[in-house]
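Q: Contents of upload-v4.cif (mmCIF, C-alpha atoms) are given next:
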data_structure
loop_
_atom_site.label_atom_id
_atom_site.label_comp_id
_atom_site.auth_asym_id
_atom_site.auth_seq_id
_atom_site.Cartn_x
_atom_site.Cartn_y
_atom_site.Cartn_z
CA MET A 1 168.11 -11.55 54.41
CA GLN A 2 164.32 -11.56 54.92
CA CYS A 3 163.82 -9.77 51.62
CA ASP A 4 166.03 -12.35 49.92
CA LEU A 5 163.96 -15.21 51.36
CA VAL A 6 160.75 -13.62 50.11
CA ALA A 7 162.26 -13.25 46.63
CA PHE A 8 163.43 -16.86 46.67
CA GLU A 9 160.03 -18.09 47.84
CA GLN A 10 158.44 -16.27 44.91
CA LEU A 11 160.98 -17.83 42.53
CA TYR A 12 160.11 -21.24 43.99
CA VAL A 13 156.39 -20.66 43.43
CA ASP A 14 157.01 -19.40 39.90
CA CYS A 15 159.45 -22.12 38.83
CA PHE A 16 158.77 -25.42 40.52
CA GLU A 17 155.92 -26.58 38.27
CA ARG A 18 157.75 -25.52 35.10
CA ALA A 19 161.00 -27.20 36.19
CA TYR A 20 159.00 -30.31 37.08
CA ALA A 21 157.27 -30.30 33.67
CA ILE A 22 160.57 -30.00 31.79
CA ALA A 23 162.15 -32.78 33.84
CA LEU A 24 159.09 -35.02 33.49
CA ARG A 25 159.14 -34.57 29.71
CA LEU A 26 162.72 -35.85 29.64
CA VAL A 27 162.81 -38.53 32.33
CA ASN A 28 159.21 -39.82 32.18
CA ASP A 29 159.14 -40.53 35.91
CA ARG A 30 157.16 -38.33 38.30
CA HIS A 31 159.34 -38.96 41.36
CA THR A 32 162.59 -38.36 39.50
CA ALA A 33 161.16 -35.23 37.86
CA GLU A 34 160.13 -33.92 41.28
CA ASP A 35 163.62 -34.62 42.61
CA ILE A 36 165.18 -32.81 39.65
CA ALA A 37 162.91 -29.78 40.07
CA SER A 38 163.72 -29.66 43.78
CA GLU A 39 167.44 -30.02 43.11
CA SER A 40 167.40 -27.19 40.56
CA LEU A 41 165.74 -24.89 43.11
CA ALA A 42 168.12 -26.06 45.85
CA ARG A 43 171.01 -25.09 43.61
CA ALA A 44 169.37 -21.71 43.03
CA PHE A 45 169.10 -21.20 46.78
CA ALA A 46 172.74 -22.24 47.27
CA SER A 47 173.77 -19.71 44.61
CA TRP A 48 171.22 -17.08 45.61
CA GLY A 49 173.89 -14.45 46.28
CA GLN A 50 174.96 -14.71 42.64
CA ILE A 51 171.60 -15.10 40.91
CA ALA A 52 169.28 -12.99 43.09
CA GLN A 53 169.75 -9.91 40.94
CA LEU A 54 169.65 -11.65 37.57
CA PRO A 55 166.68 -10.70 35.38
CA TYR A 56 166.45 -14.31 34.14
CA ARG A 57 166.38 -16.25 37.41
CA GLU A 58 163.50 -18.45 36.18
CA LEU A 59 165.44 -19.38 33.08
CA TRP A 60 168.49 -20.14 35.21
CA VAL A 61 166.45 -22.63 37.26
CA LEU A 62 164.84 -24.19 34.17
CA ARG A 63 168.22 -24.53 32.47
CA VAL A 64 169.59 -26.31 35.54
CA ALA A 65 166.52 -28.59 35.56
CA SER A 66 166.98 -29.47 31.88
CA ASN A 67 170.67 -30.19 32.44
CA LEU A 68 169.96 -32.41 35.44
CA ALA A 69 167.25 -34.28 33.54
CA ARG A 70 169.52 -34.74 30.54
CA ASP A 71 172.29 -36.09 32.76
CA HIS A 72 169.83 -38.49 34.37
CA VAL A 73 168.67 -39.79 30.97
CA ARG A 74 172.25 -40.31 29.84
CA ARG A 75 173.17 -42.21 33.02
CA ARG A 76 170.04 -44.34 32.69
CA ARG A 77 170.78 -45.02 29.00
CA ARG A 78 174.27 -46.25 29.87
CA ARG A 79 172.83 -48.58 32.52
CA GLN A 80 170.22 -49.85 30.05
CA VAL A 81 172.82 -50.58 27.37
CA ILE A 82 174.85 -52.63 29.82
CA THR A 83 171.74 -54.46 31.02
CA LEU A 84 170.54 -55.13 27.48
CA ARG A 85 173.88 -56.64 26.52
CA PHE A 86 173.41 -59.24 29.22
CA ARG A 87 169.75 -59.83 28.40
CA ALA A 88 169.89 -59.73 24.61
CA HIS A 89 167.91 -62.94 24.26
CA TRP A 90 164.88 -61.22 25.86
CA LEU A 91 164.73 -58.48 23.28
CA SER A 92 162.25 -58.48 20.45
CA GLU A 93 162.73 -56.75 17.15
CA GLU A 94 159.30 -55.12 17.08
CA GLN A 95 158.95 -51.41 16.36
CA PRO A 96 157.41 -49.21 19.05
CA SER A 97 153.65 -49.39 18.91
CA THR A 98 152.29 -48.10 22.20
CA ALA A 99 152.13 -44.47 23.25
CA ALA A 100 154.61 -45.21 26.03
CA GLU A 101 157.12 -46.65 23.58
CA VAL A 102 156.72 -43.65 21.26
CA HIS A 103 157.20 -41.34 24.26
CA ASP A 104 160.36 -43.27 25.13
CA ASP A 105 161.62 -42.65 21.57
CA LEU A 106 161.07 -38.93 22.00
CA ARG A 107 162.69 -38.86 25.43
CA ARG A 108 165.74 -40.70 24.11
CA ALA A 109 165.95 -38.33 21.14
CA LEU A 110 165.76 -35.29 23.43
CA GLY A 111 168.40 -36.79 25.70
CA GLY A 112 170.69 -37.26 22.71
CA LEU A 113 170.66 -33.59 21.73
CA PRO A 114 173.73 -31.50 22.51
CA LYS A 115 173.36 -29.47 25.70
CA ARG A 116 172.69 -26.07 24.11
CA GLN A 117 170.22 -27.46 21.57
CA LEU A 118 168.29 -29.21 24.34
CA GLN A 119 168.23 -26.05 26.44
CA ALA A 120 167.08 -23.90 23.52
CA VAL A 121 164.38 -26.35 22.38
CA MET A 122 163.01 -26.96 25.88
CA LEU A 123 163.06 -23.30 26.94
CA CYS A 124 161.71 -21.85 23.67
CA ARG A 125 159.33 -24.52 22.45
CA TYR A 126 158.22 -26.25 25.63
CA ALA A 127 158.55 -23.66 28.42
CA GLY A 128 157.40 -20.82 26.14
CA PHE A 129 160.18 -18.29 26.68
CA THR A 130 161.09 -15.95 23.83
CA GLU A 131 164.36 -16.34 21.99
CA ALA A 132 165.51 -13.01 23.45
CA GLU A 133 164.85 -14.22 27.02
CA VAL A 134 166.65 -17.49 26.39
CA ALA A 135 169.55 -15.67 24.74
CA THR A 136 169.97 -13.49 27.83
CA ALA A 137 169.83 -16.48 30.16
CA LEU A 138 172.31 -18.54 28.14
CA GLY A 139 174.63 -15.62 27.46
CA VAL A 140 174.42 -15.95 23.67
CA SER A 141 172.84 -13.96 20.86
CA LYS A 142 169.22 -14.33 19.79
CA GLY A 143 170.43 -15.70 16.44
CA THR A 144 172.44 -18.38 18.22
CA VAL A 145 169.35 -19.45 20.15
CA ASN A 146 167.40 -19.61 16.89
CA THR A 147 170.15 -21.74 15.34
CA HIS A 148 170.19 -24.11 18.32
CA VAL A 149 166.40 -24.45 18.21
CA GLN A 150 166.35 -25.13 14.47
CA ARG A 151 169.21 -27.63 14.64
CA GLY A 152 167.65 -29.34 17.65
CA LEU A 153 164.28 -29.69 15.95
CA LEU A 154 165.96 -30.99 12.79
CA ALA A 155 167.88 -33.57 14.83
CA LEU A 156 164.64 -34.65 16.51
CA ARG A 157 162.85 -34.96 13.17
CA THR A 158 165.73 -36.91 11.65
CA GLY A 159 166.10 -39.19 14.68
CA LEU A 160 162.39 -39.93 14.86
CA ALA A 161 161.62 -40.09 11.14
CA ASP A 162 161.81 -43.88 11.01
CA ALA A 163 160.08 -44.51 14.34
CA GLU A 164 156.59 -45.95 14.09
CA GLY A 165 153.90 -43.48 15.09
CA TRP A 166 155.82 -40.36 14.13
CA ALA A 167 154.46 -38.27 11.29
CA TRP A 168 156.51 -35.20 10.45
#
Would you write out, as structure tokens, the structure that this file holds?

A:
Amino acid sequence: MQCDLVAFEQLYVDCFERAYAIALRLVNDRHTAEDIASESLARAFASWGQIAQLPYRELWVLRVASNLARDHVRRRRRRQVITLRFRAHWLSEEQPSTAAEVHDDLRRALGGLPKRQLQAVMLCRYAGFTEAEVATALGVSKGTVNTHVQRGLLALRTGLADAEGWAW
């Protein structure tokens, strides 16, 4: 068991900051991102017997973090839609102009991607893993990862093409 704890501690050191960065990119809230990173590592610890020997443990944790962040964004979006329906008279029709509003556009676009596209884009383009590493972690072929990345990036470009401040 001691050896397992040492291996988990190393995984924690290796993954926490990356899981936090992925979550922060999606949720745009430091406390929530920290909670998500912690939760992804807690789930790794709870499943340690199953994932301890996997060659892609880091990717497993980062995939869990991206899924948790995506779920958080979707829940928050549903709450916002309900709130906005009741407060419609407070809304303006201005296009986003501040960096924060542009960042919100990107976060919403990322949150709207299908699960596999989000995982592939975040792990390949943001976290810096190779397509082969991501393919192993997701249990798909390298070509499938490439397809998910390309489709995800196209969806982001299409979704953000009309947003002010985005030049593709």

Q: Find the residues near Arg30 in chain A: any atom within 12 Å, counting all atoms listed in the file, skip ones fewer than 4 places away on the same chain, and give them as a ChimeraX atom specification.

A: /A:17,19-26,34-37,69

Q: Considering all atoms listed in the file, state which residue in the set A:Leu118, A:Ala52, A:Ala33, A:Leu106 is at the smallest distance from Asn67 in chain A.

A: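 Of A:Leu118, A:Ala52, A:Ala33, A:Leu106, the one nearest Asn67 in chain A, counting all atoms listed in the file, is A:Leu118.
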
Q: How many Å lie between CA of Val61 in chain A and CA of Arg157 in chain A, rounded to one decimal?

A: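 We find that CA of Val61 in chain A and CA of Arg157 in chain A lie 27.3 Å from each other.
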
Q: Can you list what the PyMOL selection byres ((chain A and resi 150) around 12) grabs from this structure, as JSON, numbers by chain?

A: {"A": [113, 116, 117, 118, 120, 121, 124, 125, 131, 143, 144, 145, 146, 147, 148, 149, 151, 152, 153, 154, 155, 156, 157]}

Q: Generate a file of the selected residues that holds C-alpha atoms, formatted as an mmCIF file, in the coordinates of the input.

A:
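Output file out_4.cif is given in full below:
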data_model
loop_
_atom_site.group_PDB
_atom_site.id
_atom_site.type_symbol
_atom_site.label_atom_id
_atom_site.label_comp_id
_atom_site.auth_asym_id
_atom_site.auth_seq_id
_atom_site.Cartn_x
_atom_site.Cartn_y
_atom_site.Cartn_z
ATOM 1 C CA LEU A 113 170.660 -33.590 21.730
ATOM 2 C CA ARG A 116 172.690 -26.070 24.110
ATOM 3 C CA GLN A 117 170.220 -27.460 21.570
ATOM 4 C CA LEU A 118 168.290 -29.210 24.340
ATOM 5 C CA ALA A 120 167.080 -23.900 23.520
ATOM 6 C CA VAL A 121 164.380 -26.350 22.380
ATOM 7 C CA CYS A 124 161.710 -21.850 23.670
ATOM 8 C CA ARG A 125 159.330 -24.520 22.450
ATOM 9 C CA GLU A 131 164.360 -16.340 21.990
ATOM 10 C CA GLY A 143 170.430 -15.700 16.440
ATOM 11 C CA THR A 144 172.440 -18.380 18.220
ATOM 12 C CA VAL A 145 169.350 -19.450 20.150
ATOM 13 C CA ASN A 146 167.400 -19.610 16.890
ATOM 14 C CA THR A 147 170.150 -21.740 15.340
ATOM 15 C CA HIS A 148 170.190 -24.110 18.320
ATOM 16 C CA VAL A 149 166.400 -24.450 18.210
ATOM 17 C CA ARG A 151 169.210 -27.630 14.640
ATOM 18 C CA GLY A 152 167.650 -29.340 17.650
ATOM 19 C CA LEU A 153 164.280 -29.690 15.950
ATOM 20 C CA LEU A 154 165.960 -30.990 12.790
ATOM 21 C CA ALA A 155 167.880 -33.570 14.830
ATOM 22 C CA LEU A 156 164.640 -34.650 16.510
ATOM 23 C CA ARG A 157 162.850 -34.960 13.170
#

Q: Please compute the CA of Asp105 in chain A-CA of Val64 in chain A distance, one decimal, in Å.

A: 22.9 Å

Q: Using the chain letters and numbering of this document, enumerate as a ChimeraX atom specification the residues selected by the PyMOL selection byres ((chain A and resi 132) around 9).

A: /A:129-131,133-137,141-143,145

Q: Selection from above, C-alpha atoms, as a tab-separated table (two decimals), keeping the file's coordinate frame, can you write it?

A:
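Output below, filename selection38.tsv:
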chain	number	residue	atom	x	y	z
A	129	PHE	CA	160.18	-18.29	26.68
A	130	THR	CA	161.09	-15.95	23.83
A	131	GLU	CA	164.36	-16.34	21.99
A	133	GLU	CA	164.85	-14.22	27.02
A	134	VAL	CA	166.65	-17.49	26.39
A	135	ALA	CA	169.55	-15.67	24.74
A	136	THR	CA	169.97	-13.49	27.83
A	137	ALA	CA	169.83	-16.48	30.16
A	141	SER	CA	172.84	-13.96	20.86
A	142	LYS	CA	169.22	-14.33	19.79
A	143	GLY	CA	170.43	-15.70	16.44
A	145	VAL	CA	169.35	-19.45	20.15

Q: As an exercise, work out the distance from CA of Glu39 in chain A to CA of Gln119 in chain A in Å and give it to one decimal place.

A: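 If I compute the distance from CA of Glu39 in chain A to CA of Gln119 in chain A, I get 17.2 Å.
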